Every structure is written in structure tokens, then in C-alpha cells.
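Okay, so here's the structure we're looking at.
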Amino acid sequence: MASRAAELLGLQDRTVLEVSAAGRGRRLLRVAASSLFAEHAAPGLIELFAKRAADLDLELSVRDPAHFDTLLLTRTVDIAIGPKPAVIDPALTCRPVMNHRIVLVAGPTHPLAGVPAGPHQLREQIWLMGPSAADGGAVPALVRRIGVPEDRQRIFQSHAAALEEAKRGKGVAAGLSFTVAQDVARGHLVQLTGPQVAFDAVWHSLMLTEQGGPSAAAELSRFAATPRAIQAMMRGAGVTVGHFRPSIHVTLWS
């Protein structure tokens, strides 16, 4: 009964939003995303997708991937993008969106820069990480695989902030390969080498099945996996303010 009540409240809230949007001749698509996807890939995706529909507003909220299923089932959000859940509710559709690689980097003056690093050396370093270290994605999986002690982990409010600290030689940082490539090419960061310094993963989209989910969510789910969308996510462009509705749920520590 509690689950059904939460779903009814979610439907009520969505109905209010849809009626309000209809009065303005616009549609609203609420997108939940993991912190890593939201910071580095969502801006480019939202910009490109918003151009396809002039009447569409998008609301992005950073959420814990562990709560994606609840958010979707209660109609709090329309679509969620991030790491694939360990267990997928039968009422949800899960589709792969984008392959990505997590790599370890450090500043050019760091002791491990240019030196092959094994698990023992990596465990001894200070690890500088963004909020994705607290979710169930690729970064915590890499940390667990290497066995980094908790007292060696430092979590920042953004992944960009963690990378900035790494540039100053304060420790090693885990970052998306396509986001650190430019800093590596310029010599601001050095990509570490060794047997366990990279981790491959896939972002997935989650939404209610076609019968229960809004068409805009289904369209975004399909569009996000296209080559054009993937290129936009890697470029990281921003969306114009006319198409974007900031959400009160946006937080790096939800």
C-alpha cells in the first residue's frame, strides 16, 4: 500500500506539471542522472536533444543510481541515465547508452608520473575523486578492485575539482578518458600506466516500459545511443537556458 500510495502521489504531481505545461504549450521531461554522467556527458546530450523539439523543457537532477528504480516507479522522474543496476525491475526498460573508460591520472610532478604503477603503489597514494565515488558506477568499482583504504580517499563536490587537485600533485585522480585527454596532451596531467589503472564501463538509460512511460523519455532513450549523441556527450556542450529547467533535486550529495 505504501508503494502504491507513493506511485499515486507521483502521478498527481506529474499531472499538475503536465496541465501547467500544456497551458503554456510546452512539454516537460524530467531526467535523473548519476553524478559522473551529469557533469560530463549530460550537457552535450541535452543541448542536442533539445534542438529536436522546440516545445520541450528538460529538468536534470543528480541522483543516486541506487534509487533510480524508485524514482521511475513513483513517476518522480521520466528517465534515468547512469550505471546499470544490479537488479532491474520488470516494469523498467534498460538500454545501453555509451561505453566509457575510467583512467587514473596524476600531475606531472607526482612520483608515479611516467612510472608503471602496481596495486601496492596505488593503494599508498591519496585518491582524489568526485561524488561518483559514492555511487555504484565504475569509479567505486575501480577503487574496490585495487583495494584503496578509506583513509586514502578524498571526495570533492565535483570531478573537475578533483582533477584540479591532481594537476597540483596532491594525489591520483580517476577521470573519464575523453575528459582528461586534452590536459594529458598539454602536459597538465599524466595518465598512469600499469595493470589496473583503467576500468571500462557502460552508461545505461532506464525508463518505464513503452506503455507506461512518456514518449519524450522513449525518444531520449533511443537518441542517446546514436553516434551523433555520443559525439555531443564527449564534446560536453551546454544547453540554452530557454530549454533547461533547473531542478530543486539537483545535488551532488543526494
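Note on naming: chains are A, B, ... as they come in the C-alpha cells, residues start from 1 per chain, ligands start from 1 in the order shown.
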List as a tab-separated table every residue of stretch 193-228 of chain A that is in contact with stretch 53-59 of chain A, defined as an atom at most 12 Å from one of its atoms (using only C-alpha atoms), together with the nearest atom pair and the distance in Å rounded to one decimal, sorted by chain and then rising number.
residue	atom	partner	partner_atom	distance
A:Ser215	CA	A:Leu56	CA	11.7
A:Ala216	CA	A:Leu56	CA	8.6
A:Ala217	CA	A:Leu58	CA	10.4
A:Glu219	CA	A:Ala53	CA	10.9
A:Leu220	CA	A:Leu58	CA	10.8
Go ahead and write the residues just picked, C-alpha atoms, as a tab-separated table (two decimals), in the first residue's frame.
chain	number	residue	atom	x	y	z
A	215	SER	CA	7.07	9.38	-25.46
A	216	ALA	CA	9.74	12.03	-24.89
A	217	ALA	CA	11.56	9.69	-22.49
A	219	GLU	CA	12.77	9.17	-27.71
A	220	LEU	CA	15.65	10.37	-25.50
I need the residues of stretch 46-133 of chain A that end up classed as helix (DSSP H, G or I) by DSSP on the backbone, written out as a tab-separated table (two decimals) with C-alpha atoms, in the first residue's frame.
chain	number	residue	atom	x	y	z
A	46	ILE	CA	20.59	17.77	-23.55
A	47	GLU	CA	21.72	20.54	-25.88
A	48	LEU	CA	21.44	18.34	-28.96
A	49	PHE	CA	18.19	16.66	-27.91
A	50	ALA	CA	16.52	19.96	-27.01
A	65	PRO	CA	21.78	5.36	-9.09
A	66	ALA	CA	20.65	3.04	-6.30
A	67	HIS	CA	17.36	4.98	-6.23
A	68	PHE	CA	16.73	5.08	-9.99
A	69	ASP	CA	14.07	2.35	-9.91
A	70	THR	CA	12.11	4.01	-7.11
A	71	LEU	CA	12.24	7.41	-8.80
A	72	LEU	CA	10.90	5.93	-12.04
A	73	LEU	CA	8.22	3.73	-10.48
A	119	PRO	CA	48.26	-2.19	-6.98
A	120	HIS	CA	50.59	-1.80	-3.98
A	121	GLN	CA	51.88	1.60	-5.13
A	122	LEU	CA	48.35	2.76	-5.98
A	123	ARG	CA	47.00	1.80	-2.56
A	131	PRO	CA	30.94	12.40	-6.00
A	132	SER	CA	30.72	9.34	-8.28
A	133	ALA	CA	32.96	7.59	-5.74
Inset, instruction - Pick out the closest residue to A:Leu142 from this set: A:Ala160, A:Ala201, A:Ala181, A:Ala113. Count only C-alpha atoms. - result: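 Closest candidate: A:Ala201.
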Inset, instruction - Report as number ranges by chain: the residues of stretch 72-201 of chain A with a DSSP assignment of strand (DSSP E or B), based on the backbone of this structure. - result: A: 79-83, 92-106, 127-129, 153-155, 172-176, 190-191, 198-201
Legend entry - One-decimal distance in Å that lies between atom CA of A:Gly175 and atom CA of A:Gly82: 15.3 Å
Inset, instruction - Excluding A:Arg101 and residues on its chain fewer than 3 positions from it, collect all residues at most 7 Å away from it, counting only C-alpha atoms, and give them as a list in words. - result: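 The residues satisfying every condition are Leu176, Ser177, Ala198, Phe199, Asp200 and Ala201 of chain A.
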Inset, instruction - Quick one: pull the distance between atom CA of A:Val197 and atom CA of A:Val139, Å, one decimal. - result: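 Result for atom CA of A:Val197 versus atom CA of A:Val139: 11.1 Å, one decimal.
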When you look at A:Asp151 with a cut-off of 12 Å (counting only C-alpha atoms), what residues show up, excluding the ones that are within fewer than 3 positions of it in the same chain? I need them as an mmCIF file with N, CA, C and O atoms, in the first residue's frame.
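What landed in selection_23.cif:
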data_model
loop_
_atom_site.group_PDB
_atom_site.id
_atom_site.type_symbol
_atom_site.label_atom_id
_atom_site.label_comp_id
_atom_site.auth_asym_id
_atom_site.auth_seq_id
_atom_site.Cartn_x
_atom_site.Cartn_y
_atom_site.Cartn_z
ATOM 1 N N ARG A 123 47.664 1.780 -3.871
ATOM 2 C CA ARG A 123 46.999 1.796 -2.557
ATOM 3 C C ARG A 123 47.639 2.782 -1.602
ATOM 4 O O ARG A 123 46.994 3.250 -0.661
ATOM 5 N N GLU A 124 48.891 3.116 -1.825
ATOM 6 C CA GLU A 124 49.595 4.023 -0.931
ATOM 7 C C GLU A 124 49.348 5.498 -1.257
ATOM 8 O O GLU A 124 49.725 6.373 -0.481
ATOM 9 N N GLN A 125 48.711 5.771 -2.399
ATOM 10 C CA GLN A 125 48.514 7.144 -2.830
ATOM 11 C C GLN A 125 47.240 7.748 -2.235
ATOM 12 O O GLN A 125 46.329 7.041 -1.807
ATOM 13 N N ILE A 126 47.197 9.083 -2.216
ATOM 14 C CA ILE A 126 45.959 9.793 -1.899
ATOM 15 C C ILE A 126 45.116 9.822 -3.175
ATOM 16 O O ILE A 126 45.580 10.245 -4.237
ATOM 17 N N TRP A 127 43.864 9.359 -3.073
ATOM 18 C CA TRP A 127 42.966 9.308 -4.219
ATOM 19 C C TRP A 127 42.014 10.492 -4.178
ATOM 20 O O TRP A 127 41.317 10.714 -3.178
ATOM 21 N N LEU A 128 42.000 11.260 -5.249
ATOM 22 C CA LEU A 128 41.165 12.452 -5.372
ATOM 23 C C LEU A 128 39.999 12.124 -6.304
ATOM 24 O O LEU A 128 40.204 11.870 -7.495
ATOM 25 N N GLY A 147 41.660 -1.961 -3.977
ATOM 26 C CA GLY A 147 41.696 -2.088 -2.522
ATOM 27 C C GLY A 147 42.219 -0.846 -1.833
ATOM 28 O O GLY A 147 43.003 -0.944 -0.871
ATOM 29 N N VAL A 148 41.792 0.337 -2.281
ATOM 30 C CA VAL A 148 42.265 1.596 -1.697
ATOM 31 C C VAL A 148 41.636 1.792 -0.312
ATOM 32 O O VAL A 148 40.412 1.775 -0.178
ATOM 33 N N ARG A 154 39.793 10.896 -0.913
ATOM 34 C CA ARG A 154 39.304 12.253 -0.718
ATOM 35 C C ARG A 154 38.222 12.524 -1.766
ATOM 36 O O ARG A 154 38.481 12.400 -2.960
ATOM 37 N N ILE A 155 37.023 12.897 -1.337
ATOM 38 C CA ILE A 155 35.917 13.121 -2.258
ATOM 39 C C ILE A 155 35.612 14.617 -2.327
ATOM 40 O O ILE A 155 35.450 15.274 -1.297
#
Legend entry - A:Asn99, A:Thr179, A:Ser205, A:Gln191 ranked by distance to A:His40, top pick (using only C-alpha atoms):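 Result for the nearest residue to A:His40: A:Thr179.
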Inset, instruction - Name the closest residue to A:Ala224 among the candidates A:Leu92, A:Ala134, A:Met98, A:Ala106; distances are taken between atoms, counting only C-alpha atoms. - result: A:Met98
